[in-house]
>>> print(open('protein35.txt').read())   # compact mmCIF, C-alpha atoms and all ligand atoms
# COMPACT_ATOMS: atom_id res chain seq x y z
CA MET A 172 -7.34 -24.41 -19.91
CA GLU A 173 -4.48 -21.94 -20.25
CA GLN A 174 -6.79 -19.25 -21.51
CA GLN A 175 -8.83 -19.50 -18.29
CA GLN A 176 -5.82 -18.56 -16.21
CA PRO A 177 -5.64 -15.01 -14.94
CA ARG A 178 -3.33 -12.78 -16.95
CA VAL A 179 -0.58 -11.67 -14.63
CA ASP A 180 2.74 -9.85 -14.52
CA PHE A 181 4.73 -10.29 -11.33
CA HIS A 182 7.97 -8.59 -12.32
CA CYS A 183 8.25 -5.05 -13.66
CA HIS A 184 9.95 -1.74 -12.91
CA THR A 185 8.97 1.91 -12.71
CA SER A 186 10.72 5.26 -12.33
CA ALA A 187 10.80 4.51 -8.60
CA SER A 188 13.85 2.37 -9.56
CA ASP A 189 15.38 1.97 -13.02
CA GLY A 190 12.23 1.86 -15.17
CA SER A 191 10.99 4.62 -17.47
CA LEU A 192 7.28 4.83 -16.65
CA ALA A 193 5.91 6.44 -13.53
CA PRO A 194 4.14 3.90 -11.28
CA GLN A 195 0.70 5.22 -12.22
CA GLU A 196 1.57 5.07 -15.94
CA LEU A 197 2.62 1.46 -15.52
CA LEU A 198 -0.57 0.61 -13.67
CA ASN A 199 -2.63 2.31 -16.40
CA ARG A 200 -0.84 0.21 -19.00
CA ALA A 201 -1.62 -2.94 -17.06
CA ILE A 202 -5.29 -1.96 -16.84
CA GLU A 203 -5.42 -1.17 -20.59
CA ALA A 204 -3.80 -4.54 -21.29
CA LYS A 205 -6.59 -6.14 -19.21
CA LEU A 206 -4.23 -7.85 -16.80
CA ASP A 207 -5.92 -9.51 -13.84
CA MET A 208 -2.99 -9.18 -11.44
CA LEU A 209 0.13 -7.00 -11.26
CA ALA A 210 3.07 -6.64 -8.91
CA ILE A 211 5.49 -3.72 -9.25
CA THR A 212 8.89 -5.12 -8.33
CA ASP A 213 11.28 -2.19 -8.19
CA HIS A 214 14.87 -2.84 -7.09
CA ASP A 215 15.15 -2.70 -3.29
CA THR A 216 12.24 -0.29 -2.89
CA ILE A 217 8.46 -0.23 -2.58
CA ASP A 218 8.21 3.56 -2.94
CA GLY A 219 6.44 3.20 -6.29
CA TYR A 220 3.28 2.02 -4.50
CA SER A 221 3.04 5.24 -2.52
CA GLN A 222 3.15 7.20 -5.79
CA LEU A 223 -0.06 5.56 -7.05
CA ALA A 224 -3.34 7.44 -7.00
CA CYS A 225 -5.18 4.25 -6.05
CA ARG A 226 -3.97 0.84 -4.93
CA GLN A 227 -7.28 -0.88 -5.58
CA PRO A 228 -8.09 -0.16 -9.22
CA ALA A 229 -11.25 -1.74 -10.58
CA GLY A 230 -10.71 -5.01 -12.38
CA LEU A 231 -7.07 -5.52 -11.47
CA GLN A 232 -5.58 -6.97 -8.32
CA LEU A 233 -2.47 -5.05 -7.36
CA VAL A 234 -0.10 -7.20 -5.34
CA SER A 235 2.79 -5.86 -3.25
CA GLY A 236 6.18 -6.55 -4.82
CA ILE A 237 9.91 -5.88 -4.64
CA GLU A 238 13.07 -7.20 -6.29
CA LEU A 239 15.81 -7.58 -3.70
CA SER A 240 19.47 -7.57 -4.70
CA ALA A 241 21.19 -10.38 -2.81
CA VAL A 242 24.33 -12.49 -2.69
CA TRP A 243 24.63 -16.25 -3.10
CA LYS A 244 28.16 -17.63 -2.76
CA THR A 245 29.73 -14.30 -3.81
CA ARG A 246 27.40 -14.01 -6.83
CA GLY A 247 24.71 -11.41 -7.21
CA VAL A 248 21.19 -12.86 -7.47
CA HIS A 249 17.74 -11.28 -7.44
CA ILE A 250 14.92 -12.36 -5.16
CA VAL A 251 11.43 -11.14 -5.94
CA GLY A 252 9.09 -10.77 -2.97
CA LEU A 253 5.34 -10.93 -3.63
CA ASN A 254 2.21 -10.28 -1.62
CA PHE A 255 3.99 -9.30 1.59
CA ASP A 256 2.77 -6.93 4.26
CA PRO A 257 4.15 -3.56 3.04
CA ALA A 258 4.06 -2.17 6.58
CA ASN A 259 6.32 -4.89 8.00
CA ASP A 260 9.13 -3.40 10.14
CA GLU A 261 11.72 -6.06 9.34
CA LEU A 262 11.25 -5.44 5.63
CA ALA A 263 11.49 -1.69 6.13
CA ALA A 264 14.80 -2.17 7.98
CA LEU A 265 16.16 -4.39 5.23
CA ILE A 266 15.14 -1.88 2.55
CA LYS A 267 16.91 0.89 4.49
CA LYS A 268 20.07 -1.22 4.71
CA GLN A 269 19.95 -1.94 0.97
CA GLN A 270 19.50 1.74 0.17
CA GLU A 271 22.55 2.63 2.24
CA SER A 272 24.58 -0.01 0.36
CA ARG A 273 23.28 1.37 -2.93
CA GLN A 274 24.33 4.89 -1.97
CA ARG A 275 27.84 3.77 -0.92
CA ARG A 276 28.19 1.78 -4.13
CA ALA A 277 27.13 4.80 -6.22
CA VAL A 278 29.94 6.87 -4.71
CA ARG A 279 32.43 4.13 -5.59
CA ILE A 280 31.08 3.78 -9.14
CA ALA A 281 31.46 7.54 -9.61
CA GLN A 282 35.05 7.36 -8.32
CA LYS A 283 35.86 4.57 -10.79
CA LEU A 284 34.37 6.58 -13.63
CA GLU A 285 36.31 9.65 -12.53
CA ASN A 286 39.53 7.59 -12.69
CA LEU A 287 38.57 6.69 -16.25
CA GLY A 288 38.13 10.33 -17.15
CA VAL A 289 34.36 10.68 -16.73
CA GLY A 290 33.72 13.47 -14.25
CA ASN A 291 30.61 14.49 -12.30
CA ALA A 292 28.96 11.09 -12.66
CA LEU A 293 27.45 10.98 -9.16
CA GLN A 294 25.58 14.25 -9.61
CA GLY A 295 24.75 13.36 -13.21
CA ALA A 296 23.25 10.00 -12.22
CA LYS A 297 21.35 11.65 -9.35
CA ASN A 298 19.82 14.18 -11.74
CA ILE A 299 18.57 11.35 -13.93
CA ALA A 300 17.34 9.20 -11.02
CA GLU A 301 15.48 12.13 -9.47
CA ASN A 302 14.25 10.60 -6.21
CA ALA A 303 14.84 6.96 -7.13
CA PRO A 304 17.63 4.98 -5.45
CA LEU A 305 20.74 5.11 -7.66
CA SER A 306 21.09 2.25 -10.08
CA ARG A 307 23.76 1.35 -12.60
CA VAL A 308 21.13 2.17 -15.23
CA HIS A 309 21.19 5.82 -14.12
CA PHE A 310 24.97 5.86 -14.56
CA ALA A 311 24.53 4.23 -17.98
CA LYS A 312 22.03 6.92 -18.99
CA PHE A 313 24.46 9.59 -17.78
CA LEU A 314 27.25 8.09 -19.90
CA VAL A 315 24.97 8.22 -22.95
CA GLU A 316 23.81 11.76 -22.14
CA THR A 317 27.37 13.05 -21.90
CA GLY A 318 28.35 11.32 -25.14
CA ALA A 319 30.89 9.02 -23.47
CA VAL A 320 29.08 6.10 -25.14
CA LYS A 321 26.34 5.84 -27.77
CA THR A 322 24.00 3.36 -26.07
CA ILE A 323 23.12 1.97 -22.65
CA LYS A 324 24.22 -1.42 -23.88
CA ILE A 325 27.71 -0.08 -24.60
CA ALA A 326 27.75 1.72 -21.22
CA PHE A 327 27.30 -1.70 -19.59
CA SER A 328 29.71 -3.58 -21.84
CA ARG A 329 32.42 -0.95 -21.39
CA TYR A 330 31.92 0.48 -17.90
CA LEU A 331 29.20 -1.04 -15.75
CA GLY A 332 28.56 -4.66 -16.70
CA ALA A 333 29.99 -7.84 -15.19
CA GLY A 334 33.74 -7.62 -14.72
CA LYS A 335 33.93 -3.93 -15.71
CA PRO A 336 35.21 -1.14 -13.43
CA GLY A 337 31.75 -0.01 -12.36
CA ASP A 338 30.63 -3.53 -11.47
CA ILE A 339 31.47 -3.23 -7.81
CA ARG A 340 30.94 -6.20 -5.51
CA ASN A 341 28.33 -4.79 -3.25
CA GLU A 342 27.33 -5.52 0.32
CA TRP A 343 23.84 -6.70 -0.56
CA VAL A 344 22.11 -8.96 1.94
CA SER A 345 22.60 -12.71 1.60
CA MET A 346 20.00 -14.68 -0.33
CA GLU A 347 19.03 -16.39 2.92
CA GLU A 348 18.45 -13.03 4.61
CA ALA A 349 16.39 -11.74 1.68
CA VAL A 350 14.17 -14.84 1.64
CA ALA A 351 13.74 -14.87 5.43
CA CYS A 352 12.73 -11.23 5.42
CA ILE A 353 10.08 -11.67 2.71
CA ARG A 354 8.68 -14.61 4.65
CA ALA A 355 8.73 -12.65 7.90
CA ALA A 356 6.57 -10.08 6.10
CA SER A 357 4.13 -12.91 5.14
CA GLY A 358 5.16 -12.77 1.49
CA VAL A 359 6.25 -15.34 -1.07
CA ALA A 360 9.93 -15.36 -2.10
CA VAL A 361 10.58 -16.00 -5.79
CA LEU A 362 13.91 -16.81 -7.41
CA ALA A 363 14.01 -14.23 -10.21
CA HIS A 364 15.17 -15.06 -13.75
CA PRO A 365 17.26 -18.15 -12.86
CA ASP A 366 18.88 -18.05 -16.30
CA ALA A 367 20.33 -14.56 -15.84
CA TYR A 368 23.27 -15.48 -13.62
CA LYS A 369 25.60 -17.07 -16.18
CA LEU A 370 25.56 -20.37 -14.29
CA THR A 371 25.98 -23.91 -15.60
CA LYS A 372 22.84 -26.03 -15.24
CA THR A 373 24.45 -27.79 -12.27
CA LYS A 374 25.19 -24.50 -10.51
CA ARG A 375 21.74 -23.16 -11.38
CA ARG A 376 20.22 -26.19 -9.69
CA ALA A 377 22.50 -25.71 -6.66
CA LEU A 378 21.32 -22.10 -6.43
CA ALA A 379 17.67 -23.17 -6.63
CA ARG A 380 18.17 -25.87 -3.99
CA ASP A 381 19.83 -23.40 -1.60
CA PHE A 382 16.99 -20.97 -2.31
CA VAL A 383 14.41 -23.60 -1.35
CA ALA A 384 16.44 -24.63 1.72
CA ALA A 385 16.35 -20.95 2.79
CA GLY A 386 12.55 -20.92 2.56
CA GLY A 387 12.07 -19.82 -1.05
CA GLU A 388 8.79 -21.07 -2.45
CA ALA A 389 8.56 -20.09 -6.12
CA ILE A 390 10.69 -19.88 -9.25
CA GLU A 391 10.24 -17.50 -12.16
CA ILE A 392 9.67 -19.95 -14.99
CA ILE A 393 9.24 -17.16 -17.53
CA SER A 394 11.07 -13.81 -17.62
CA GLY A 395 10.19 -11.70 -20.65
CA SER A 396 10.34 -13.51 -23.96
CA GLN A 397 12.53 -16.58 -23.74
CA SER A 398 13.04 -19.84 -25.60
CA PRO A 399 10.50 -22.66 -25.10
CA GLU A 400 13.46 -24.88 -24.19
CA LEU A 401 14.44 -22.60 -21.29
CA THR A 402 10.82 -22.49 -20.09
CA ARG A 403 10.74 -26.30 -20.21
CA GLN A 404 13.96 -26.52 -18.16
CA LEU A 405 12.77 -24.05 -15.54
CA CYS A 406 9.38 -25.78 -15.25
CA ALA A 407 11.20 -29.08 -14.67
CA LEU A 408 13.37 -27.40 -12.02
CA ALA A 409 10.34 -25.95 -10.24
CA ALA A 410 8.50 -29.30 -10.35
CA ASP A 411 11.54 -31.14 -9.07
CA LEU A 412 12.02 -28.81 -6.10
CA GLY A 413 8.31 -28.58 -5.31
CA CYS A 414 8.28 -24.87 -6.11
CA ALA A 415 5.36 -22.81 -7.31
CA ALA A 416 5.73 -20.97 -10.63
CA SER A 417 5.83 -17.21 -11.10
CA ILE A 418 5.91 -15.31 -14.37
CA GLY A 419 6.92 -11.75 -15.16
CA SER A 420 8.06 -9.54 -18.01
CA ASP A 421 10.88 -7.68 -16.16
CA PHE A 422 9.55 -4.69 -18.10
CA HIS A 423 11.65 -1.51 -17.72
CA SER A 424 10.79 0.61 -20.78
CA ASP A 425 9.30 0.45 -24.25
CA GLU A 426 12.79 0.32 -25.75
CA GLN A 427 13.20 -3.26 -24.49
CA VAL A 428 10.95 -4.79 -27.13
CA TRP A 429 11.46 -8.31 -25.76
CA ARG A 430 9.97 -7.31 -22.42
CA LYS A 431 6.40 -6.22 -22.97
CA LEU A 432 4.26 -5.72 -19.90
CA GLY A 433 1.92 -8.62 -19.32
CA THR A 434 2.88 -10.78 -22.27
CA CYS A 435 4.51 -13.53 -20.34
CA GLY A 436 2.55 -16.66 -21.17
CA TYR A 437 0.96 -19.09 -18.76
CA VAL A 438 1.84 -21.44 -15.95
CA PRO A 439 1.56 -25.04 -17.19
CA GLU A 440 -1.12 -27.18 -15.58
CA GLN A 441 1.27 -29.42 -13.67
CA LEU A 442 2.74 -26.52 -11.67
CA ARG A 443 1.18 -24.53 -8.87
CA PRO A 444 0.80 -20.88 -9.88
CA VAL A 445 2.35 -18.52 -7.34
CA TRP A 446 -0.86 -16.53 -6.89
CA GLU A 447 -2.52 -19.57 -5.32
CA MET A 448 -0.15 -19.09 -2.39
CA PHE A 449 -1.18 -15.50 -1.75
CA LYS A 450 -2.84 -14.82 1.57
CA PRO A 451 -5.82 -12.45 1.49
CA HIS A 452 -4.93 -9.08 0.08
CA ARG A 453 -4.16 -6.38 2.59
CA TRP A 454 -3.64 -2.83 1.42
P1 LIG B 1 21.75 -2.34 -10.19
O1 LIG B 1 20.54 -2.86 -9.48
O2 LIG B 1 22.01 -0.90 -9.90
O3 LIG B 1 22.96 -3.20 -10.01
O4 LIG B 1 21.42 -2.35 -11.74
C1 LIG B 1 21.04 -3.56 -12.34
C2 LIG B 1 20.10 -3.25 -13.48
O5 LIG B 1 20.83 -2.83 -14.61
C3 LIG B 1 19.34 -4.47 -13.96
O6 LIG B 1 18.16 -4.65 -13.21
C4 LIG B 1 19.01 -4.11 -15.37
O7 LIG B 1 17.85 -3.30 -15.41
C5 LIG B 1 20.18 -3.27 -15.79
N1 LIG B 1 21.21 -3.99 -16.57
C6 LIG B 1 22.06 -4.92 -16.12
N2 LIG B 1 22.88 -5.34 -17.10
C7 LIG B 1 22.53 -4.64 -18.21
C8 LIG B 1 23.00 -4.60 -19.57
N3 LIG B 1 24.02 -5.37 -19.97
N4 LIG B 1 22.37 -3.76 -20.42
C9 LIG B 1 21.36 -2.98 -20.01
N5 LIG B 1 20.88 -2.97 -18.76
C10 LIG B 1 21.46 -3.79 -17.88
MN MN B 2 16.55 -3.23 -13.54
MN MN B 3 16.68 -8.73 -11.89
MN MN B 4 13.86 -6.86 -12.59
>>> encode(input="protein35.txt", output="C-alpha cells", more="lines below")
Ligand code: AMP
Ligand code: MN
Ligand code: MN
Ligand code: MN
Amino acid sequence: MEQQQPRVDFHCHTSASDGSLAPQELLNRAIEAKLDMLAITDHDTIDGYSQLACRQPAGLQLVSGIELSAVWKTRGVHIVGLNFDPANDELAALIKKQQESRQRRAVRIAQKLENLGVGNALQGAKNIAENAPLSRVHFAKFLVETGAVKTIKIAFSRYLGAGKPGDIRNEWVSMEEAVACIRAASGVAVLAHPDAYKLTKTKRRALARDFVAAGGEAIEIISGSQSPELTRQLCALAADLGCAASIGSDFHSDEQVWRKLGTCGYVPEQLRPVWEMFKPHRW
C-alpha cells in the first residue's frame, strides 16, 4: 500500500532563502530522485519559483509553496502554505510585510553583533545572501567566514539561536493571519515541524488546536529523519484534530545529512494525505 503512494517532498529550501542549491538545481535533484510531487517552501518568499526554467517539468508535479514565519502566543512558529494561487494579492502583500520585518530585524542583528565586537555583519550577510531575503543563516555563515566561530552550529549556539543576542523577537505576522492568508490564496495551511518549538506535549497540542481553530488543515507528521515514536505521536495528533498529513525533508543543503530531499517516508493509511486536498494545479 505505502509503496503505491506518490513520493513527495513538501518542505525544502533553496538559495532564494537560506538553502544552498539554486531552485533549478533543487528541482533537478527532485527529478533525479524520481519524486512525484515537490513544493519549494522558502522562508517568506516564493521568488525561487520565478528562477526556474520550467514550472511544469515532465514526470513531476511542482506545487506552489512557502514557509511563513509567524507568532503564536509570543513564540515563533512556522506555517507552510501549499498549492496556493501564487498571483494572489493578499499573499503578495503579506510577503512584502514579512520582507520588511526581515530587513529591520537584520539591521538589529547586525547592531547586536557590532556591540559584541563583530563589525560589518550587515554587509557581510548581504554579500552571502546575494538577492535572498536576509536570514539568520546568512549571519551564521558570515560569522564562520570571518573566523568568529568555527561552525554554523556554534554561530547559533553562541550568537543567533534561541535566547542569544541575535535572536530578536520579530514582528512576524500572527499564526492566525498567516493561516488566513494562505486560505485566502486557495492554499492549504500546514503546521510545520510541530516538534521544533521546544513545547511540552500539552502546549504542542494547544498550538495545534489553535492552528486548526484558525483554519489550518494539515500537520507535518514527518520532518526530515525523526524517531518512529515522534511520527506516531504526530499522526495521533493529526487524527485527533481531523487534520490531513503533510511530509517534508526541510532540506537546506547536503551538509545536513539527516535532511535528504525526498526521503521522508509515507503517510499512514488512516490519515488523509495533504495532496488529496489540492485543488487543480494552476501555474
Ligand atoms: P530565520 O528565518 O532568519 O529566523 O532563520 C531561521 C533558520 O535558521 C531556520 O529555518 C534554520 O534553517 C536555521 N537554524 C535555526 N536554528 C539553527 C541552528 N541551531 N543551527 C543551524 N541552523 C539553524
Ligand atoms: Mn531555514
Ligand atoms: Mn521551519
Ligand atoms: Mn523549513
>>> closest_residue(input="protein35.txt", among="A:Gly413, A:Pro177, A:Pro451, A:Pro304", to="A:Asp256", atoms="only C-alpha atoms")
A:Pro451
>>> closest_residue(input="protein35.txt", among="A:Ala367, A:Ala351, A:Leu262, A:Ile299", to="ligand MN 3 (chain B)", atoms="all atoms listed in the file")
A:Ala367
>>> closest_atom_pairs(input="protein35.txt", of="stretch 213-275 of chain A", to="stretch 334-350 of chain A", cutoff="6 Å", atoms="all atoms listed in the file", output="CSV")
residue,atom,partner,partner_atom,distance
A:Ala241,CA,A:Val344,CA,5.0
A:Val242,CA,A:Ser345,CA,4.6
A:Trp243,CA,A:Met346,CA,5.6
>>> closest_atom_pairs(input="protein35.txt", of="stretch 400-425 of chain A", to="stretch 205-224 of chain A", cutoff="12 Å", atoms="all atoms listed in the file", output="Markdown table")
| residue | atom | partner | partner_atom | distance |
| --- | --- | --- | --- | --- |
| A:Ser417 | CA | A:Ala210 | CA | 11.1 |
| A:Ile418 | CA | A:Leu209 | CA | 10.6 |
| A:Gly419 | CA | A:Ala210 | CA | 8.9 |
| A:Ser420 | CA | A:Thr212 | CA | 10.7 |
| A:Asp421 | CA | A:Thr212 | CA | 8.5 |
| A:Phe422 | CA | A:Ile211 | CA | 9.8 |
| A:His423 | CA | A:Asp213 | CA | 9.6 |
>>> residues_near_ligand(input="protein35.txt", ligand="ligand MN 3 (chain B)", cutoff="7 Å", atoms="all atoms listed in the file", output="compact mmCIF listing (two decimals) with C-alpha atoms, in the coordinates of the input")
# COMPACT_ATOMS: atom_id res chain seq x y z
CA GLU A 238 13.07 -7.20 -6.29
CA HIS A 249 17.74 -11.28 -7.44
CA ALA A 363 14.01 -14.23 -10.21
CA HIS A 364 15.17 -15.06 -13.75
>>> residues_around(input="protein35.txt", residues="A:Ala292", least_positions_apart="5", cutoff="10 Å", atoms="only C-alpha atoms", output="PyMOL selection string")
chain A and resi 277-278+280-285+297-298+309-311+313-314+317
>>> closest_atom_pairs(input="protein35.txt", of="chain A", to="ligand LIG 1 (chain B)", cutoff="7 Å", atoms="only C-alpha atoms and all ligand atoms", output="Markdown table")
| residue | atom | partner | partner_atom | distance |
| --- | --- | --- | --- | --- |
| A:Asp189 | CA | B:LIG1 | O7 | 6.3 |
| A:His214 | CA | B:LIG1 | O1 | 6.2 |
| A:Ser240 | CA | B:LIG1 | O1 | 6.8 |
| A:Leu305 | CA | B:LIG1 | O2 | 6.5 |
| A:Ser306 | CA | B:LIG1 | O2 | 3.3 |
| A:Arg307 | CA | B:LIG1 | O2 | 3.9 |
| A:Val308 | CA | B:LIG1 | O5 | 5.0 |
| A:Ile323 | CA | B:LIG1 | C9 | 5.9 |
| A:Lys324 | CA | B:LIG1 | N4 | 4.6 |
| A:Phe327 | CA | B:LIG1 | N3 | 4.9 |
| A:Ser328 | CA | B:LIG1 | N3 | 6.3 |
| A:Gly332 | CA | B:LIG1 | N3 | 5.6 |
| A:His423 | CA | B:LIG1 | O7 | 6.9 |
>>> decode(input="protein35.txt", residues="stretch 214-228 of chain A", atoms="N, CA, C and O atoms", output="PDB file, in the first residue's frame")
ATOM      1  N   HIS A 214      11.632  30.512   3.061  1.00  0.00           N
ATOM      2  CA  HIS A 214      11.128  31.329   4.169  1.00  0.00           C
ATOM      3  C   HIS A 214      10.586  32.667   3.656  1.00  0.00           C
ATOM      4  O   HIS A 214      11.336  33.506   3.151  1.00  0.00           O
ATOM      5  N   ASP A 215       9.281  32.857   3.784  1.00  0.00           N
ATOM      6  CA  ASP A 215       8.642  34.149   3.497  1.00  0.00           C
ATOM      7  C   ASP A 215       8.878  34.665   2.083  1.00  0.00           C
ATOM      8  O   ASP A 215       8.864  35.880   1.856  1.00  0.00           O
ATOM      9  N   THR A 216       9.106  33.755   1.146  1.00  0.00           N
ATOM     10  CA  THR A 216       9.274  34.186  -0.246  1.00  0.00           C
ATOM     11  C   THR A 216       8.885  33.065  -1.213  1.00  0.00           C
ATOM     12  O   THR A 216       9.017  31.880  -0.884  1.00  0.00           O
ATOM     13  N   ILE A 217       8.404  33.475  -2.383  1.00  0.00           N
ATOM     14  CA  ILE A 217       8.156  32.500  -3.451  1.00  0.00           C
ATOM     15  C   ILE A 217       9.026  32.836  -4.665  1.00  0.00           C
ATOM     16  O   ILE A 217       8.799  32.340  -5.770  1.00  0.00           O
ATOM     17  N   ASP A 218      10.041  33.658  -4.455  1.00  0.00           N
ATOM     18  CA  ASP A 218      10.904  34.083  -5.571  1.00  0.00           C
ATOM     19  C   ASP A 218      11.598  32.920  -6.267  1.00  0.00           C
ATOM     20  O   ASP A 218      11.919  33.010  -7.456  1.00  0.00           O
ATOM     21  N   GLY A 219      11.859  31.855  -5.523  1.00  0.00           N
ATOM     22  CA  GLY A 219      12.550  30.703  -6.115  1.00  0.00           C
ATOM     23  C   GLY A 219      11.839  30.180  -7.354  1.00  0.00           C
ATOM     24  O   GLY A 219      12.484  29.780  -8.332  1.00  0.00           O
ATOM     25  N   TYR A 220      10.499  30.231  -7.334  1.00  0.00           N
ATOM     26  CA  TYR A 220       9.730  29.696  -8.476  1.00  0.00           C
ATOM     27  C   TYR A 220      10.001  30.487  -9.759  1.00  0.00           C
ATOM     28  O   TYR A 220      10.001  29.925 -10.840  1.00  0.00           O
ATOM     29  N   SER A 221      10.224  31.802  -9.592  1.00  0.00           N
ATOM     30  CA  SER A 221      10.467  32.601 -10.805  1.00  0.00           C
ATOM     31  C   SER A 221      11.886  32.398 -11.339  1.00  0.00           C
ATOM     32  O   SER A 221      12.196  32.824 -12.448  1.00  0.00           O
ATOM     33  N   GLN A 222      12.719  31.725 -10.552  1.00  0.00           N
ATOM     34  CA  GLN A 222      14.088  31.435 -11.030  1.00  0.00           C
ATOM     35  C   GLN A 222      14.165  30.098 -11.772  1.00  0.00           C
ATOM     36  O   GLN A 222      15.236  29.704 -12.245  1.00  0.00           O
ATOM     37  N   LEU A 223      13.045  29.389 -11.853  1.00  0.00           N
ATOM     38  CA  LEU A 223      13.060  28.081 -12.537  1.00  0.00           C
ATOM     39  C   LEU A 223      12.936  28.257 -14.050  1.00  0.00           C
ATOM     40  O   LEU A 223      12.216  29.144 -14.514  1.00  0.00           O
ATOM     41  N   ALA A 224      13.592  27.376 -14.770  1.00  0.00           N
ATOM     42  CA  ALA A 224      13.484  27.412 -16.233  1.00  0.00           C
ATOM     43  C   ALA A 224      12.089  26.956 -16.661  1.00  0.00           C
ATOM     44  O   ALA A 224      11.534  27.443 -17.641  1.00  0.00           O
ATOM     45  N   CYS A 225      11.521  26.016 -15.905  1.00  0.00           N
ATOM     46  CA  CYS A 225      10.215  25.465 -16.275  1.00  0.00           C
ATOM     47  C   CYS A 225       9.470  25.029 -15.025  1.00  0.00           C
ATOM     48  O   CYS A 225      10.034  24.349 -14.168  1.00  0.00           O
ATOM     49  N   ARG A 226       8.218  25.447 -14.917  1.00  0.00           N
ATOM     50  CA  ARG A 226       7.438  25.081 -13.729  1.00  0.00           C
ATOM     51  C   ARG A 226       6.591  23.834 -13.964  1.00  0.00           C
ATOM     52  O   ARG A 226       5.839  23.414 -13.101  1.00  0.00           O
ATOM     53  N   GLN A 227       6.673  23.277 -15.145  1.00  0.00           N
ATOM     54  CA  GLN A 227       5.910  22.049 -15.413  1.00  0.00           C
ATOM     55  C   GLN A 227       6.818  20.977 -15.974  1.00  0.00           C
ATOM     56  O   GLN A 227       6.679  20.560 -17.123  1.00  0.00           O
ATOM     57  N   PRO A 228       7.805  20.537 -15.172  1.00  0.00           N
ATOM     58  CA  PRO A 228       8.731  19.518 -15.673  1.00  0.00           C
ATOM     59  C   PRO A 228       7.993  18.194 -15.891  1.00  0.00           C
ATOM     60  O   PRO A 228       7.026  17.901 -15.197  1.00  0.00           O
TER      61      PRO A 228
END
